file target-v1.cif (mmCIF, C-alpha atoms)
data_input
#
loop_
_atom_site.group_PDB
_atom_site.id
_atom_site.type_symbol
_atom_site.label_atom_id
_atom_site.label_comp_id
_atom_site.auth_asym_id
_atom_site.auth_seq_id
_atom_site.Cartn_x
_atom_site.Cartn_y
_atom_site.Cartn_z
ATOM 1 C CA MET I 1 4.998 -18.720 1.318
ATOM 2 C CA GLY I 2 4.873 -14.999 2.072
ATOM 3 C CA LEU I 3 4.554 -12.425 4.824
ATOM 4 C CA ILE I 4 2.526 -12.940 8.001
ATOM 5 C CA LEU I 5 1.612 -10.616 10.857
ATOM 6 C CA ASN I 6 0.703 -12.696 13.883
ATOM 7 C CA ASN I 7 -1.108 -10.942 16.764
ATOM 8 C CA VAL I 8 0.949 -7.770 16.375
ATOM 9 C CA ASP I 9 0.673 -4.959 18.923
ATOM 10 C CA LEU I 10 2.530 -1.727 18.257
ATOM 11 C CA VAL I 11 3.191 1.172 20.615
ATOM 12 C CA TYR I 12 4.597 4.666 19.970
ATOM 13 C CA SER I 13 6.746 6.403 22.598
ATOM 14 C CA GLY I 14 6.126 3.552 25.004
ATOM 15 C CA VAL I 15 2.567 4.646 25.789
ATOM 16 C CA ILE I 16 0.406 5.113 22.667
ATOM 17 C CA GLN I 17 -0.912 1.807 21.361
ATOM 18 C CA VAL I 18 -1.710 2.013 17.657
ATOM 19 C CA LEU I 19 -2.007 -1.621 16.523
ATOM 20 C CA ARG I 20 -3.941 -4.200 18.505
ATOM 21 C CA SER I 21 -3.614 -7.947 17.828
ATOM 22 C CA VAL I 22 -3.269 -7.471 14.074
ATOM 23 C CA ASN I 23 -3.365 -10.684 12.054
ATOM 24 C CA LEU I 24 -2.959 -10.643 8.294
ATOM 25 C CA GLU I 25 -1.278 -12.644 5.566
ATOM 26 C CA ILE I 26 0.260 -11.582 2.257
ATOM 27 C CA PRO I 27 0.853 -14.750 0.184
ATOM 28 C CA ASP I 28 3.437 -14.803 -2.579
ATOM 29 C CA GLY I 29 2.143 -13.547 -5.914
ATOM 30 C CA GLN I 30 -1.035 -11.953 -4.578
ATOM 31 C CA MET I 31 -2.245 -8.384 -4.221
ATOM 32 C CA VAL I 32 -3.596 -7.730 -0.748
ATOM 33 C CA VAL I 33 -5.308 -4.456 0.161
ATOM 34 C CA LEU I 34 -5.677 -2.867 3.593
ATOM 35 C CA LEU I 35 -8.614 -0.467 3.803
ATOM 36 C CA GLY I 36 -9.551 1.947 6.546
ATOM 37 C CA SER I 37 -10.208 5.565 7.390
ATOM 38 C CA ASN I 38 -7.577 8.134 8.356
ATOM 39 C CA GLY I 39 -5.938 7.221 11.643
ATOM 40 C CA ALA I 40 -6.991 3.582 11.514
ATOM 41 C CA GLY I 41 -3.379 2.352 11.656
ATOM 42 C CA LYS I 42 -2.815 1.435 8.001
ATOM 43 C CA THR I 43 0.445 3.342 7.477
ATOM 44 C CA THR I 44 1.724 2.165 10.851
ATOM 45 C CA THR I 45 1.151 -1.416 9.687
ATOM 46 C CA LEU I 46 3.378 -0.791 6.674
ATOM 47 C CA ARG I 47 6.050 0.809 8.836
ATOM 48 C CA ALA I 48 5.954 -2.121 11.227
ATOM 49 C CA ILE I 49 6.748 -4.421 8.312
ATOM 50 C CA SER I 50 9.446 -2.252 6.695
ATOM 51 C CA GLY I 51 11.090 -1.296 9.992
ATOM 52 C CA LEU I 52 10.523 2.436 9.529
ATOM 53 C CA LEU I 53 9.466 2.984 13.124
ATOM 54 C CA HIS I 54 12.542 4.283 14.896
ATOM 55 C CA ALA I 55 12.122 7.958 14.017
ATOM 56 C CA ASP I 56 8.673 7.900 15.639
ATOM 57 C CA LEU I 57 9.805 5.800 18.618
ATOM 58 C CA GLY I 58 7.553 2.990 17.502
ATOM 59 C CA LYS I 59 8.015 -0.640 18.509
ATOM 60 C CA VAL I 60 6.206 -3.919 18.083
ATOM 61 C CA THR I 61 5.570 -4.970 21.666
ATOM 62 C CA ALA I 62 3.735 -8.244 21.074
ATOM 63 C CA GLY I 63 3.321 -10.738 18.256
ATOM 64 C CA ARG I 64 5.637 -11.447 15.349
ATOM 65 C CA ILE I 65 6.190 -10.424 11.739
ATOM 66 C CA LEU I 66 7.388 -13.355 9.662
ATOM 67 C CA LEU I 67 8.846 -13.512 6.157
ATOM 68 C CA ASP I 68 8.913 -17.173 5.124
ATOM 69 C CA ASP I 69 9.048 -18.143 8.812
ATOM 70 C CA GLU I 70 11.981 -15.767 9.410
ATOM 71 C CA ASP I 71 11.231 -13.342 12.235
ATOM 72 C CA ILE I 72 11.785 -9.748 11.030
ATOM 73 C CA THR I 73 9.963 -8.083 13.935
ATOM 74 C CA ASN I 74 11.540 -4.704 14.821
ATOM 75 C CA GLY I 75 14.209 -5.402 12.220
ATOM 76 C CA ASP I 76 16.646 -2.918 10.739
ATOM 77 C CA PRO I 77 15.026 -1.220 7.713
ATOM 78 C CA THR I 78 18.146 -1.663 5.572
ATOM 79 C CA ASP I 79 18.174 -5.402 6.231
ATOM 80 C CA ILE I 80 14.440 -5.660 5.521
ATOM 81 C CA PHE I 81 14.901 -3.742 2.250
ATOM 82 C CA ALA I 82 17.707 -6.117 1.291
ATOM 83 C CA LYS I 83 15.326 -9.046 1.815
ATOM 84 C CA GLY I 84 13.095 -7.588 -0.909
ATOM 85 C CA ILE I 85 10.429 -5.673 1.026
ATOM 86 C CA VAL I 86 10.205 -2.247 -0.598
ATOM 87 C CA GLN I 87 7.802 0.444 0.607
ATOM 88 C CA VAL I 88 6.617 3.373 -1.498
ATOM 89 C CA LEU I 89 5.838 6.069 1.051
ATOM 90 C CA GLU I 90 2.761 8.250 0.855
ATOM 91 C CA GLY I 91 3.179 11.884 -0.109
ATOM 92 C CA ARG I 92 5.138 11.376 -3.350
ATOM 93 C CA LYS I 93 8.587 11.636 -1.801
ATOM 94 C CA VAL I 94 10.678 11.875 -4.943
ATOM 95 C CA LEU I 95 14.229 13.180 -4.751
ATOM 96 C CA GLU I 96 13.194 16.581 -6.009
ATOM 97 C CA HIS I 97 16.590 17.934 -7.085
ATOM 98 C CA LEU I 98 17.571 14.832 -9.060
ATOM 99 C CA THR I 99 16.370 13.972 -12.540
ATOM 100 C CA VAL I 100 13.867 11.238 -13.277
ATOM 101 C CA GLU I 101 16.697 9.049 -14.549
ATOM 102 C CA GLN I 102 18.748 9.602 -11.396
ATOM 103 C CA ASN I 103 15.737 8.828 -9.206
ATOM 104 C CA LEU I 104 15.254 5.526 -11.000
ATOM 105 C CA MET I 105 18.879 4.557 -10.527
ATOM 106 C CA VAL I 106 18.652 5.290 -6.796
ATOM 107 C CA GLY I 107 16.212 2.391 -6.625
ATOM 108 C CA ALA I 108 18.931 0.042 -7.856
ATOM 109 C CA HIS I 109 21.681 1.328 -5.564
ATOM 110 C CA LEU I 110 22.199 -2.026 -3.787
ATOM 111 C CA ARG I 111 22.379 -4.031 -6.993
ATOM 112 C CA LYS I 112 25.497 -5.096 -8.914
ATOM 113 C CA ASP I 113 23.838 -6.976 -11.784
ATOM 114 C CA HIS I 114 24.168 -4.355 -14.506
ATOM 115 C CA ALA I 115 22.380 -6.399 -17.160
ATOM 116 C CA GLY I 116 19.463 -6.968 -14.784
ATOM 117 C CA ILE I 117 19.315 -3.264 -13.974
ATOM 118 C CA ARG I 118 19.053 -2.407 -17.671
ATOM 119 C CA GLU I 119 16.354 -5.037 -18.105
ATOM 120 C CA ASP I 120 14.311 -3.673 -15.192
ATOM 121 C CA ARG I 121 14.736 -0.130 -16.478
ATOM 122 C CA GLU I 122 13.119 -1.179 -19.736
ATOM 123 C CA LYS I 123 10.305 -2.831 -17.809
ATOM 124 C CA VAL I 124 9.636 0.439 -15.994
ATOM 125 C CA PHE I 125 9.424 2.233 -19.348
ATOM 126 C CA HIS I 126 7.086 -0.475 -20.634
ATOM 127 C CA TYR I 127 4.638 0.061 -17.782
ATOM 128 C CA PHE I 128 5.148 3.825 -17.563
ATOM 129 C CA PRO I 129 6.073 5.017 -21.077
ATOM 130 C CA ARG I 130 5.552 8.626 -20.029
ATOM 131 C CA LEU I 131 8.782 8.418 -18.019
ATOM 132 C CA THR I 132 10.851 7.953 -21.193
ATOM 133 C CA ASP I 133 9.952 11.523 -22.181
ATOM 134 C CA LEU I 134 10.902 12.849 -18.758
ATOM 135 C CA LEU I 135 14.272 11.227 -18.077
ATOM 136 C CA LYS I 136 16.178 14.512 -17.931
ATOM 137 C CA ARG I 137 13.400 16.417 -16.168
ATOM 138 C CA THR I 138 14.059 17.459 -12.577
ATOM 139 C CA ALA I 139 11.730 15.298 -10.486
ATOM 140 C CA GLY I 140 10.443 18.190 -8.397
ATOM 141 C CA PHE I 141 8.751 19.655 -11.473
ATOM 142 C CA LEU I 142 6.683 16.583 -12.318
ATOM 143 C CA SER I 143 2.917 16.437 -11.955
ATOM 144 C CA GLY I 144 1.396 14.369 -9.159
ATOM 145 C CA GLY I 145 0.608 11.484 -11.483
ATOM 146 C CA GLU I 146 4.105 11.540 -12.981
ATOM 147 C CA MET I 147 5.645 11.515 -9.499
ATOM 148 C CA GLN I 148 3.600 8.451 -8.569
ATOM 149 C CA MET I 149 4.744 6.669 -11.723
ATOM 150 C CA LEU I 150 8.335 7.542 -10.848
ATOM 151 C CA LEU I 151 8.028 6.286 -7.291
ATOM 152 C CA ILE I 152 6.616 2.933 -8.360
ATOM 153 C CA GLY I 153 9.225 2.706 -11.121
ATOM 154 C CA ARG I 154 12.002 3.506 -8.652
ATOM 155 C CA ALA I 155 10.735 0.766 -6.334
ATOM 156 C CA MET I 156 10.663 -1.698 -9.231
ATOM 157 C CA MET I 157 14.320 -0.940 -9.893
ATOM 158 C CA ALA I 158 15.087 -2.557 -6.533
ATOM 159 C CA ARG I 159 13.568 -5.760 -7.934
ATOM 160 C CA PRO I 160 11.309 -6.172 -4.892
ATOM 161 C CA ARG I 161 9.843 -9.398 -3.717
ATOM 162 C CA ILE I 162 7.040 -7.541 -1.912
ATOM 163 C CA LEU I 163 6.032 -4.071 -3.077
ATOM 164 C CA MET I 164 4.165 -2.042 -0.450
ATOM 165 C CA LEU I 165 2.231 0.989 -1.676
ATOM 166 C CA ASP I 166 0.894 3.612 0.731
ATOM 167 C CA GLU I 167 -2.100 5.564 -0.636
ATOM 168 C CA PRO I 168 -0.886 5.749 -4.278
ATOM 169 C CA SER I 169 -4.150 7.360 -5.413
ATOM 170 C CA MET I 170 -3.982 10.281 -2.986
ATOM 171 C CA GLY I 171 -4.622 13.606 -4.723
ATOM 172 C CA LEU I 172 -4.955 12.164 -8.225
ATOM 173 C CA ALA I 173 -7.802 12.777 -10.652
ATOM 174 C CA PRO I 174 -10.254 9.865 -11.060
ATOM 175 C CA ILE I 175 -9.070 9.008 -14.584
ATOM 176 C CA LEU I 176 -5.442 8.875 -13.389
ATOM 177 C CA ILE I 177 -6.435 6.674 -10.446
ATOM 178 C CA GLN I 178 -8.114 4.225 -12.782
ATOM 179 C CA GLN I 179 -5.103 4.135 -15.108
ATOM 180 C CA LEU I 180 -2.657 3.776 -12.221
ATOM 181 C CA PHE I 181 -4.474 0.823 -10.678
ATOM 182 C CA GLU I 182 -4.780 -0.873 -14.052
ATOM 183 C CA VAL I 183 -0.994 -0.654 -14.412
ATOM 184 C CA ILE I 184 -0.437 -1.898 -10.852
ATOM 185 C CA GLY I 185 -2.669 -4.872 -11.613
ATOM 186 C CA GLN I 186 -0.807 -5.533 -14.844
ATOM 187 C CA ILE I 187 2.550 -5.456 -13.051
ATOM 188 C CA LYS I 188 1.269 -7.945 -10.511
ATOM 189 C CA ARG I 189 -0.007 -10.307 -13.213
ATOM 190 C CA ASP I 190 2.943 -10.000 -15.603
ATOM 191 C CA GLU I 191 5.754 -10.078 -13.065
ATOM 192 C CA GLY I 192 4.170 -12.299 -10.430
ATOM 193 C CA LEU I 193 4.941 -9.542 -7.937
ATOM 194 C CA THR I 194 3.502 -9.619 -4.435
ATOM 195 C CA ILE I 195 1.805 -6.312 -3.623
ATOM 196 C CA PHE I 196 0.532 -5.000 -0.304
ATOM 197 C CA LEU I 197 -1.606 -1.943 -0.895
ATOM 198 C CA VAL I 198 -2.866 0.553 1.669
ATOM 199 C CA GLU I 199 -5.735 2.625 0.283
ATOM 200 C CA GLN I 200 -8.772 4.718 1.097
ATOM 201 C CA ASN I 201 -10.072 4.499 -2.471
ATOM 202 C CA ALA I 202 -11.925 1.225 -2.029
ATOM 203 C CA HIS I 203 -13.419 1.198 -5.532
ATOM 204 C CA ALA I 204 -10.014 1.169 -7.208
ATOM 205 C CA ALA I 205 -8.239 -1.059 -4.695
ATOM 206 C CA ILE I 206 -10.805 -3.836 -4.292
ATOM 207 C CA GLY I 207 -11.200 -4.114 -8.050
ATOM 208 C CA GLN I 208 -7.596 -5.253 -8.426
ATOM 209 C CA CYS I 209 -6.939 -7.175 -5.207
ATOM 210 C CA ASP I 210 -7.015 -10.900 -4.484
ATOM 211 C CA TYR I 211 -7.767 -10.465 -0.807
ATOM 212 C CA GLY I 212 -8.469 -7.569 1.514
ATOM 213 C CA TYR I 213 -8.589 -6.473 5.119
ATOM 214 C CA VAL I 214 -10.475 -3.627 6.778
ATOM 215 C CA MET I 215 -8.832 -1.877 9.734
ATOM 216 C CA ASP I 216 -10.560 0.303 12.305
ATOM 217 C CA ASN I 217 -8.900 1.780 15.402
ATOM 218 C CA GLY I 218 -5.829 -0.395 14.998
ATOM 219 C CA ARG I 219 -7.726 -3.681 14.669
ATOM 220 C CA ILE I 220 -8.608 -5.886 11.729
ATOM 221 C CA VAL I 221 -12.409 -5.900 11.781
ATOM 222 C CA LEU I 222 -13.162 -7.632 8.488
ATOM 223 C CA HIS I 223 -11.349 -9.605 5.809
ATOM 224 C CA GLY I 224 -12.193 -11.614 2.718
ATOM 225 C CA THR I 225 -11.665 -12.202 -0.975
ATOM 226 C CA ARG I 226 -12.391 -9.527 -3.557
ATOM 227 C CA ASP I 227 -15.875 -10.906 -4.184
ATOM 228 C CA GLN I 228 -16.613 -11.214 -0.475
ATOM 229 C CA LEU I 229 -15.611 -7.598 0.147
ATOM 230 C CA GLN I 230 -17.518 -6.276 -2.851
ATOM 231 C CA ASN I 231 -20.656 -8.072 -1.672
ATOM 232 C CA ASN I 232 -20.295 -7.272 2.025
ATOM 233 C CA GLN I 233 -23.015 -4.870 3.132
ATOM 234 C CA ASP I 234 -20.789 -2.936 5.546
ATOM 235 C CA VAL I 235 -18.039 -2.481 2.952
ATOM 236 C CA LYS I 236 -20.603 -1.417 0.367
ATOM 237 C CA GLU I 237 -22.069 1.118 2.763
ATOM 238 C CA PHE I 238 -18.993 2.525 4.456
ATOM 239 C CA TYR I 239 -16.428 2.344 1.635
ATOM 240 C CA LEU I 240 -18.199 1.898 -1.700
ATOM 241 C CA GLY I 241 -20.950 4.423 -0.971
ATOM 242 C CA PHE I 242 -23.937 2.164 -1.602
ATOM 243 C CA THR I 243 -26.782 2.995 0.757
ATOM 244 C CA GLY I 244 -30.514 2.994 0.481
ATOM 245 C CA GLU I 245 -32.362 6.148 -0.524
ATOM 246 C CA GLU I 246 -34.098 6.251 2.838
ATOM 247 C CA ASN I 247 -30.719 6.408 4.642
ATOM 248 C CA ARG I 248 -29.041 8.958 2.426
ATOM 249 C CA ARG I 249 -29.900 12.090 4.407
ATOM 250 C CA ASN I 250 -28.486 10.906 7.734
ATOM 251 C CA PHE I 251 -25.765 8.599 6.390
ATOM 252 C CA ARG I 252 -22.880 10.997 6.926
ATOM 253 C CA ASP I 253 -23.840 11.699 10.521
ATOM 254 C CA VAL I 254 -24.341 8.132 11.680
ATOM 255 C CA LYS I 255 -22.012 5.989 9.594
ATOM 256 C CA HIS I 256 -19.032 6.235 11.953
ATOM 257 C CA TYR I 257 -21.136 5.283 14.985
ATOM 258 C CA ARG I 258 -22.799 2.456 13.114
ATOM 259 C CA ARG I 259 -19.470 1.130 11.800
ATOM 260 C CA ARG I 260 -17.994 0.974 15.276
ATOM 261 C CA LYS I 261 -21.196 -0.539 16.681
ATOM 262 C CA ARG I 262 -21.205 -3.312 14.055
ATOM 263 C CA TRP I 263 -17.492 -4.074 13.946
ATOM 264 C CA LEU I 264 -16.261 -3.407 17.441
ATOM 265 C CA GLY I 265 -19.342 -3.549 19.631
#

call {"tool": "encode", "arguments": {"input": "target-v1.cif", "output": "structure tokens"}}
result
Amino acid sequence: MGLILNNVDLVYSGVIQVLRSVNLEIPDGQMVVLLGSNGAGKTTTLRAISGLLHADLGKVTAGRILLDDEDITNGDPTDIFAKGIVQVLEGRKVLEHLTVEQNLMVGAHLRKDHAGIREDREKVFHYFPRLTDLLKRTAGFLSGGEMQMLLIGRAMMARPRILMLDEPSMGLAPILIQQLFEVIGQIKRDEGLTIFLVEQNAHAAIGQCDYGYVMDNGRIVLHGTRDQLQNNQDVKEFYLGFTGEENRRNFRDVKHYRRRKRWLG
């Protein structure tokens, strides 16, 4: 089955509505991407699923979030984590004063299956061999790309059922972005892992996804398969950068107005 958001509204501080009737589905074993500009509500969608709303006084006020028909709406984040939903936060939040090895083991802190932990540790090294050279390095001294590898590796140590990644490409060089998404795609294929990916880098994300959604102003305005998104004229124009030569001069000035006119008007 999988994870479903059904007509979800979300409000911060009781007055600021951020999500509006959001419907999306993340089937088991698929990679689903959520695209959108800054402030569209993408990170809030992840936090609604993982339960990380309380610090910001956020609450789902309508609709339901279902994991295999179990209602996890406004659930406790520890309970949701224990059910296998693991979120990698944006901003490369490693535990800076711990070593790479210690960071990895933090990911397995709820597990008691020592043989399985060792097995998953080797899987992390298989996908991110660079980490084997950095085990004793203090995490705060890693490069941005190395930190992102560590964060995904740490999440894998929890043996997630659904891995949620928030802007993993942020601040990385293009060659590192390409390599990172290739590894994410390989993990999904090899492990059968369900991945929900929030991204602004549409080129990298759509190339690896099975299905995608586009969010604007807290609403889902478009969705489709990888091929449908890649061939959609609005996605090509607003996210993949394909526009006619005659439109190039004024594209930056008018694209936001035109997007809202097409999708919301």

call {"tool": "atom_distance", "arguments": {"input": "target-v1.cif", "atom1": "atom CA of I:Lys93", "atom2": "atom CA of I:Ile117"}}
result
22.0 Å

call {"tool": "residues_around", "arguments": {"input": "target-v1.cif", "residues": "I:Leu165", "least_positions_apart": "2", "cutoff": "7 Å", "atoms": "all atoms listed in the file", "output": "number ranges by chain"}}
result
I: 87-89, 163, 167-168, 196-198

call {"tool": "residues_around", "arguments": {"input": "target-v1.cif", "residues": "I:Gly41", "least_positions_apart": "6", "cutoff": "9 Å", "atoms": "all atoms listed in the file", "output": "ChimeraX atom specification"}}
result
/I:18-19,215-219

call {"tool": "resolve_selection", "arguments": {"input": "target-v1.cif", "expression": "the PyMOL selection byres ((chain I and resi 73) around 9)", "output": "NGL selection string"}}
result
:I and (48-49 or 51 or 59-60 or 63-66 or 71-72 or 74-75)

call {"tool": "write_last_selection", "arguments": {"input": "target-v1.cif", "atoms": "C-alpha atoms", "output": "mmCIF file, in the coordinates of the input"}}
result
data_model
loop_
_atom_site.group_PDB
_atom_site.id
_atom_site.type_symbol
_atom_site.label_atom_id
_atom_site.label_comp_id
_atom_site.auth_asym_id
_atom_site.auth_seq_id
_atom_site.Cartn_x
_atom_site.Cartn_y
_atom_site.Cartn_z
ATOM 1 C CA ALA I 48 5.954 -2.121 11.227
ATOM 2 C CA ILE I 49 6.748 -4.421 8.312
ATOM 3 C CA GLY I 51 11.090 -1.296 9.992
ATOM 4 C CA LYS I 59 8.015 -0.640 18.509
ATOM 5 C CA VAL I 60 6.206 -3.919 18.083
ATOM 6 C CA GLY I 63 3.321 -10.738 18.256
ATOM 7 C CA ARG I 64 5.637 -11.447 15.349
ATOM 8 C CA ILE I 65 6.190 -10.424 11.739
ATOM 9 C CA LEU I 66 7.388 -13.355 9.662
ATOM 10 C CA ASP I 71 11.231 -13.342 12.235
ATOM 11 C CA ILE I 72 11.785 -9.748 11.030
ATOM 12 C CA ASN I 74 11.540 -4.704 14.821
ATOM 13 C CA GLY I 75 14.209 -5.402 12.220
#

call {"tool": "resolve_selection", "arguments": {"input": "target-v1.cif", "expression": "the PyMOL selection byres ((chain I and resi 95-103) around 7)", "output": "number ranges by chain"}}
result
I: 93-94, 104-107, 134-140, 154

call {"tool": "closest_residue", "arguments": {"input": "target-v1.cif", "among": "I:Asn232, I:Phe238, I:Asp120, I:Ala204", "to": "I:Ile175", "atoms": "all atoms listed in the file"}}
result
I:Ala204

call {"tool": "closest_residue", "arguments": {"input": "target-v1.cif", "among": "I:Leu193, I:Ile177, I:Met157, I:Met164", "to": "I:Gly145", "atoms": "all atoms listed in the file"}}
result
I:Ile177

call {"tool": "resolve_selection", "arguments": {"input": "target-v1.cif", "expression": "the PyMOL selection byres ((chain I and resi 171) around 12)", "output": "compact mmCIF listing (two decimals) with C-alpha atoms, in the frame of the given file"}}
result
# COMPACT_ATOMS: atom_id res chain seq x y z
CA GLU I 90 2.76 8.25 0.86
CA GLY I 91 3.18 11.88 -0.11
CA ARG I 92 5.14 11.38 -3.35
CA SER I 143 2.92 16.44 -11.96
CA GLY I 144 1.40 14.37 -9.16
CA GLY I 145 0.61 11.48 -11.48
CA MET I 147 5.64 11.52 -9.50
CA GLN I 148 3.60 8.45 -8.57
CA GLU I 167 -2.10 5.56 -0.64
CA PRO I 168 -0.89 5.75 -4.28
CA SER I 169 -4.15 7.36 -5.41
CA MET I 170 -3.98 10.28 -2.99
CA LEU I 172 -4.96 12.16 -8.22
CA ALA I 173 -7.80 12.78 -10.65
CA PRO I 174 -10.25 9.86 -11.06
CA ILE I 175 -9.07 9.01 -14.58
CA LEU I 176 -5.44 8.88 -13.39
CA ILE I 177 -6.44 6.67 -10.45
CA GLN I 200 -8.77 4.72 1.10
CA ASN I 201 -10.07 4.50 -2.47

call {"tool": "atom_distance", "arguments": {"input": "target-v1.cif", "atom1": "atom CA of I:Gly192", "atom2": "atom CA of I:Glu122"}}
result
17.0 Å

call {"tool": "closest_residue", "arguments": {"input": "target-v1.cif", "among": "I:Asp113, I:Asp166, I:Glu182, I:Asp190", "to": "I:Val86", "atoms": "only C-alpha atoms"}}
result
I:Asp166
